[in-house]
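Quick notes on the structure that follows.
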2 protein chains.
Amino acid sequence: MENSILHLATTGEQMNQEKYEDLWDRPGYLVRRLHQVHIGLFTQACGELDLTAVQFAILSVLCTDAELDQLSISKLVGIDRTSGADVIKRLVNRGLATRERSKQDRRALIVRITDAGRRTVRDVRPLMEDVQDKMVSPLTDEEYEVFMRALRKMVEANNEASRAPMRKRV
Amino acid sequence: MENSILHLATTGEQMNQEKYEDLWDRPGYLVRRLHQVHIGLFTQACGELDLTAVQFAILSVLCTDAELDQLSISKLVGIDRTSGADVIKRLVNRGLATRERSKQDRRALIVRITDAGRRTVRDVRPLMEDVQDKMVSPLTDEEYEVFMRALRKMVEANNEASRAPMRKRV
DNA sequence: CATTAATCTACAGTATACTCCTTAATTTGG
DNA sequence: CCAAATTAAGGAGTATACTGTAGATTAATG
């Protein structure tokens, strides 16, 4: 009987009781911290140009796909429509993008990148790559591969959870 | 000569040129997405109790360590002091914590968890564990281990970058 | 063809997470 | 012991990322 208890203690059943006890054992907590690390690194790298990671992501998709409305852009970079509209508004204010009503669909606002926007992307791109390299520099090649695969799997599997979280009103 | 070019093409030197071309190949982008996934899952799970992940993290550390000032709490959960003060203010407003001046150091505000706060932690804890389980559910056990190790390594190595990012004023 | 449904944007509001600047209290060095 | 540096907090301001609601336009359906 004592043996069965000992057996349970070695099977991980008991470990699960305190699986997420420490903050550093909670994947969600570590993801938030790493997200902040990335923002910090990106901001340090682009301090002169004063471009955020999300602003750069939007300018990136505008570089390849021209003729995009605000909602499509928000979906492509994985942010909420209102957040996207906010960011785009700032990009337009800074002359990095333009916005005009679509002729096909007068509800939609077509966003286009300007020459200044393209120059900014060209300047920021190597800095962004340095940021990625620095962030993952503690990892071995194998850890990097597993880490990226794991990220993609989790984001894809829980994609519907990242939008419309249905918060209760206070 | 042609062989040397072919050789280069197989060594990954060329691959690096477009290493971060796609958004889904950028670790920083995926980390942001997964962070949003976690927030979404947490908010769905705690919709009734209306507690955010950061609020829960702060209540968690208050459960174990009593007698903490705002700055120590912010450092423990890894957020900026002003963000921490904001969150704590809301917790106090909702009766989940109390705040009073320290007698030893009259600059510091000592934060304590209330009975209602402890009840909330007790109620939310299993929900939080479900959220963690659901988020990492697409991973194999081995992938989970590597993923968590990779997260810890990156957060520790770049810890100083997560605060004081020195943004240029607009 | 008219009514309904779906779509795109805008606006107001909240939470997190920072910035910089200031004030107050404590510690430290000469 | 007193001036200087440090530390804790607060206030104002910004960016991201949501909520919900509303208005305008387009698409779909009886």
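Scheme for the structure tokens: letters A, B, ... for chains in order shown; per-chain residue numbers from 1; ligand numbers from 1 in order shown.
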Near-range 3-16 of chain D list (7 Å; only C-alpha atoms (C1' of nucleotides); drop same-chain fewer than 2 positions) as a ChimeraX atom specification: /A:83 /B:107-108
Wanna dump the chain B-chain D contacts at 9 Å for me, each residue with its shortest atom pair and the distance in Å to one decimal, counting only C-alpha atoms (C1' of nucleotides), ordered by chain and number, as a Markdown table?
```
| residue | atom | partner | partner_atom | distance |
| --- | --- | --- | --- | --- |
| B:Gln36 | CA | D:DA17 | C1' | 8.7 |
| B:Asp69 | CA | D:DA8 | C1' | 9.0 |
| B:Gln70 | CA | D:DA8 | C1' | 8.5 |
| B:Leu71 | CA | D:DA8 | C1' | 7.5 |
| B:Thr82 | CA | D:DA9 | C1' | 8.9 |
| B:Ala85 | CA | D:DA9 | C1' | 8.8 |
| B:Arg106 | CA | D:DA8 | C1' | 8.8 |
| B:Arg107 | CA | D:DA8 | C1' | 5.2 |
| B:Ala108 | CA | D:DA8 | C1' | 5.4 |
| B:Leu109 | CA | D:DA8 | C1' | 8.1 |
| B:Arg169 | CA | D:DT14 | C1' | 8.9 |
| B:Val170 | CA | D:DT14 | C1' | 8.8 |
```
Interface residues on chain B facing chain A, 8 Å, only C-alpha atoms, written as a PyMOL selection string: chain B and resi 20+23-28+30-41+43-44+47-48+50+57+77-78+129+132+135-139+143-144+146-148+150-155+157-159+161-168+170
Quick one: write out the picked residues with C-alpha atoms as a PDB file, in the first residue's frame?
```pdb
ATOM      1  CA  TYR B  20      12.561  36.589 -41.368  1.00  0.00           C
ATOM      2  CA  LEU B  23       5.651  37.254 -40.475  1.00  0.00           C
ATOM      3  CA  TRP B  24       5.246  33.625 -39.401  1.00  0.00           C
ATOM      4  CA  ASP B  25       9.011  33.200 -39.490  1.00  0.00           C
ATOM      5  CA  ARG B  26       9.572  36.042 -37.019  1.00  0.00           C
ATOM      6  CA  PRO B  27       9.769  34.853 -33.408  1.00  0.00           C
ATOM      7  CA  GLY B  28       8.796  38.281 -32.122  1.00  0.00           C
ATOM      8  CA  LEU B  30       4.639  34.812 -33.067  1.00  0.00           C
ATOM      9  CA  VAL B  31       5.328  35.688 -29.438  1.00  0.00           C
ATOM     10  CA  ARG B  32       3.003  38.681 -29.730  1.00  0.00           C
ATOM     11  CA  ARG B  33       0.306  36.510 -31.286  1.00  0.00           C
ATOM     12  CA  LEU B  34       0.667  33.840 -28.598  1.00  0.00           C
ATOM     13  CA  HIS B  35       0.554  36.524 -25.928  1.00  0.00           C
ATOM     14  CA  GLN B  36      -2.768  37.643 -27.366  1.00  0.00           C
ATOM     15  CA  VAL B  37      -3.950  34.048 -27.482  1.00  0.00           C
ATOM     16  CA  HIS B  38      -3.152  33.689 -23.798  1.00  0.00           C
ATOM     17  CA  ILE B  39      -4.979  36.886 -22.923  1.00  0.00           C
ATOM     18  CA  GLY B  40      -7.946  35.707 -24.963  1.00  0.00           C
ATOM     19  CA  LEU B  41      -8.060  32.294 -23.294  1.00  0.00           C
ATOM     20  CA  THR B  43     -10.364  36.337 -20.417  1.00  0.00           C
ATOM     21  CA  GLN B  44     -12.742  33.682 -21.718  1.00  0.00           C
ATOM     22  CA  GLY B  47     -15.183  36.160 -17.833  1.00  0.00           C
ATOM     23  CA  GLU B  48     -17.481  35.778 -14.838  1.00  0.00           C
ATOM     24  CA  ASP B  50     -13.523  39.521 -14.600  1.00  0.00           C
ATOM     25  CA  ALA B  57      -0.347  37.284 -11.049  1.00  0.00           C
ATOM     26  CA  VAL B  77       5.604  39.934 -11.683  1.00  0.00           C
ATOM     27  CA  GLY B  78       7.857  41.663 -14.198  1.00  0.00           C
ATOM     28  CA  GLU B 129      -4.420  25.983 -14.905  1.00  0.00           C
ATOM     29  CA  GLN B 132      -2.223  26.953 -19.470  1.00  0.00           C
ATOM     30  CA  MET B 135      -2.686  26.816 -24.660  1.00  0.00           C
ATOM     31  CA  VAL B 136       0.085  24.187 -24.696  1.00  0.00           C
ATOM     32  CA  SER B 137      -2.225  21.309 -25.606  1.00  0.00           C
ATOM     33  CA  PRO B 138      -0.967  21.114 -29.234  1.00  0.00           C
ATOM     34  CA  LEU B 139       2.539  20.337 -27.965  1.00  0.00           C
ATOM     35  CA  GLU B 143       8.113  20.026 -27.245  1.00  0.00           C
ATOM     36  CA  TYR B 144       6.633  21.447 -24.053  1.00  0.00           C
ATOM     37  CA  VAL B 146      11.993  22.497 -24.862  1.00  0.00           C
ATOM     38  CA  PHE B 147       9.509  25.356 -25.261  1.00  0.00           C
ATOM     39  CA  MET B 148       9.529  26.189 -21.545  1.00  0.00           C
ATOM     40  CA  ALA B 150      13.661  28.186 -24.366  1.00  0.00           C
ATOM     41  CA  LEU B 151      11.274  30.763 -22.885  1.00  0.00           C
ATOM     42  CA  ARG B 152      13.154  30.858 -19.573  1.00  0.00           C
ATOM     43  CA  LYS B 153      16.517  31.189 -21.311  1.00  0.00           C
ATOM     44  CA  MET B 154      15.364  34.074 -23.485  1.00  0.00           C
ATOM     45  CA  VAL B 155      13.596  35.949 -20.703  1.00  0.00           C
ATOM     46  CA  ALA B 157      19.159  36.521 -21.007  1.00  0.00           C
ATOM     47  CA  ASN B 158      17.239  39.601 -22.177  1.00  0.00           C
ATOM     48  CA  ASN B 159      15.794  40.572 -18.835  1.00  0.00           C
ATOM     49  CA  ALA B 161      15.738  44.766 -22.157  1.00  0.00           C
ATOM     50  CA  SER B 162      12.208  44.297 -20.872  1.00  0.00           C
ATOM     51  CA  ARG B 163      12.278  47.480 -18.873  1.00  0.00           C
ATOM     52  CA  ALA B 164      13.369  51.035 -19.644  1.00  0.00           C
ATOM     53  CA  PRO B 165      13.179  50.709 -23.413  1.00  0.00           C
ATOM     54  CA  MET B 166      14.037  54.399 -23.866  1.00  0.00           C
ATOM     55  CA  ARG B 167      11.426  55.357 -26.413  1.00  0.00           C
ATOM     56  CA  LYS B 168      12.040  58.571 -28.287  1.00  0.00           C
ATOM     57  CA  VAL B 170       7.125  62.134 -30.525  1.00  0.00           C
TER      58      VAL B 170
END
```
Sel. of helix (DSSP H, G or I) residues, range 29-123 of chain A, as a ChimeraX atom specification: /A:29-45,53-64,70-77,81-93,115-123
Using only C-alpha atoms (C1' of nucleotides) and a cut-off of 12 Å, which residues of chain C sit close to chain A? Please list them as a short mmCIF file (atom, residue, chain, number, x, y, z; two decimals) with N, CA and C atoms (P, O5', C5', C4', C3', O3' and C1' of nucleotides), in the first residue's frame.
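Written out: iface-v4.cif:
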```cif
data_model
loop_
_atom_site.label_atom_id
_atom_site.label_comp_id
_atom_site.auth_asym_id
_atom_site.auth_seq_id
_atom_site.Cartn_x
_atom_site.Cartn_y
_atom_site.Cartn_z
P DT C 7 -19.91 39.01 -43.21
"O5'" DT C 7 -19.38 40.46 -43.58
"C5'" DT C 7 -19.55 40.94 -44.91
"C4'" DT C 7 -19.13 42.40 -45.00
"C3'" DT C 7 -17.83 42.75 -44.26
"O3'" DT C 7 -16.97 43.39 -45.18
"C1'" DT C 7 -19.51 44.31 -43.75
P DC C 8 -15.44 43.60 -44.82
"O5'" DC C 8 -15.35 45.15 -44.43
"C5'" DC C 8 -15.47 46.15 -45.43
"C4'" DC C 8 -15.45 47.52 -44.78
"C3'" DC C 8 -14.29 47.74 -43.80
"O3'" DC C 8 -13.48 48.83 -44.24
"C1'" DC C 8 -16.37 48.44 -42.87
P DT C 9 -12.20 49.27 -43.36
"O5'" DT C 9 -12.76 50.47 -42.50
"C5'" DT C 9 -13.40 51.57 -43.15
"C4'" DT C 9 -14.16 52.41 -42.15
"C3'" DT C 9 -13.32 53.01 -41.02
"O3'" DT C 9 -13.13 54.40 -41.25
"C1'" DT C 9 -15.45 52.22 -40.27
P DA C 10 -12.27 55.27 -40.22
"O5'" DA C 10 -13.31 55.75 -39.13
"C5'" DA C 10 -14.55 56.32 -39.53
"C4'" DA C 10 -15.36 56.72 -38.30
"C3'" DA C 10 -14.53 57.31 -37.16
"O3'" DA C 10 -15.17 58.47 -36.67
"C1'" DA C 10 -15.81 55.47 -36.37
P DC C 11 -14.44 59.45 -35.67
"O5'" DC C 11 -15.12 59.15 -34.26
"C5'" DC C 11 -16.54 59.14 -34.16
"C4'" DC C 11 -16.96 58.62 -32.80
"C3'" DC C 11 -16.06 59.09 -31.65
"O3'" DC C 11 -16.87 59.62 -30.61
"C1'" DC C 11 -16.36 56.74 -31.59
P DG C 13 -16.82 58.40 -23.00
"O5'" DG C 13 -16.26 56.99 -22.46
"C5'" DG C 13 -17.14 55.88 -22.37
"C4'" DG C 13 -16.35 54.62 -22.10
"C3'" DG C 13 -15.23 54.77 -21.05
"O3'" DG C 13 -15.45 53.86 -19.98
"C1'" DG C 13 -14.47 53.58 -22.95
P DT C 14 -14.49 53.96 -18.64
"O5'" DT C 14 -13.58 52.66 -18.79
"C5'" DT C 14 -14.19 51.38 -18.92
"C4'" DT C 14 -13.14 50.33 -19.14
"C3'" DT C 14 -11.98 50.39 -18.14
"O3'" DT C 14 -11.81 49.13 -17.54
"C1'" DT C 14 -11.17 50.26 -20.37
P DA C 15 -10.81 48.95 -16.27
"O5'" DA C 15 -9.54 48.24 -16.90
"C5'" DA C 15 -9.71 47.00 -17.56
"C4'" DA C 15 -8.36 46.53 -18.09
"C3'" DA C 15 -7.19 46.78 -17.14
"O3'" DA C 15 -6.45 45.59 -16.99
"C1'" DA C 15 -6.73 47.70 -19.28
P DT C 16 -5.23 45.51 -15.96
"O5'" DT C 16 -3.97 45.62 -16.94
"C5'" DT C 16 -3.87 44.71 -18.02
"C4'" DT C 16 -2.78 45.13 -18.97
"C3'" DT C 16 -1.40 45.32 -18.33
"O3'" DT C 16 -0.49 44.51 -19.05
"C1'" DT C 16 -1.94 47.14 -19.76
P DA C 17 0.95 44.17 -18.50
"O5'" DA C 17 1.86 45.36 -19.03
"C5'" DA C 17 2.12 45.47 -20.41
"C4'" DA C 17 2.85 46.77 -20.68
"C3'" DA C 17 3.89 47.14 -19.62
"O3'" DA C 17 5.17 47.24 -20.22
"C1'" DA C 17 2.62 48.99 -20.25
P DC C 18 6.49 47.14 -19.33
"O5'" DC C 18 7.41 48.32 -19.89
"C5'" DC C 18 7.32 49.62 -19.37
"C4'" DC C 18 7.09 50.62 -20.48
"C3'" DC C 18 7.68 52.00 -20.20
"O3'" DC C 18 9.04 52.01 -20.62
"C1'" DC C 18 5.46 52.20 -21.00
P DT C 19 10.07 53.00 -19.90
"O5'" DT C 19 9.67 54.45 -20.42
"C5'" DT C 19 9.79 54.76 -21.81
"C4'" DT C 19 9.30 56.18 -22.06
"C3'" DT C 19 9.92 57.23 -21.16
"O3'" DT C 19 11.05 57.80 -21.82
"C1'" DT C 19 7.55 57.49 -21.20
#
```
9 Å contact set for Asp115 in chain B, only C-alpha atoms (C1' of nucleotides), chain neighbours under 3 positions out, as a compact mmCIF listing (two decimals) with C-alpha atoms, in the first residue's frame:
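Writing the result to around-v4.txt gives the following:
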```txt
# COMPACT_ATOMS: atom_id res chain seq x y z
CA LEU B 96 -9.31 42.53 -3.44
CA ALA B 97 -6.34 44.29 -1.80
CA ARG B 118 -7.84 35.16 -1.41
CA ARG B 119 -11.25 33.76 -2.36
CA THR B 120 -10.80 35.11 -5.87
```
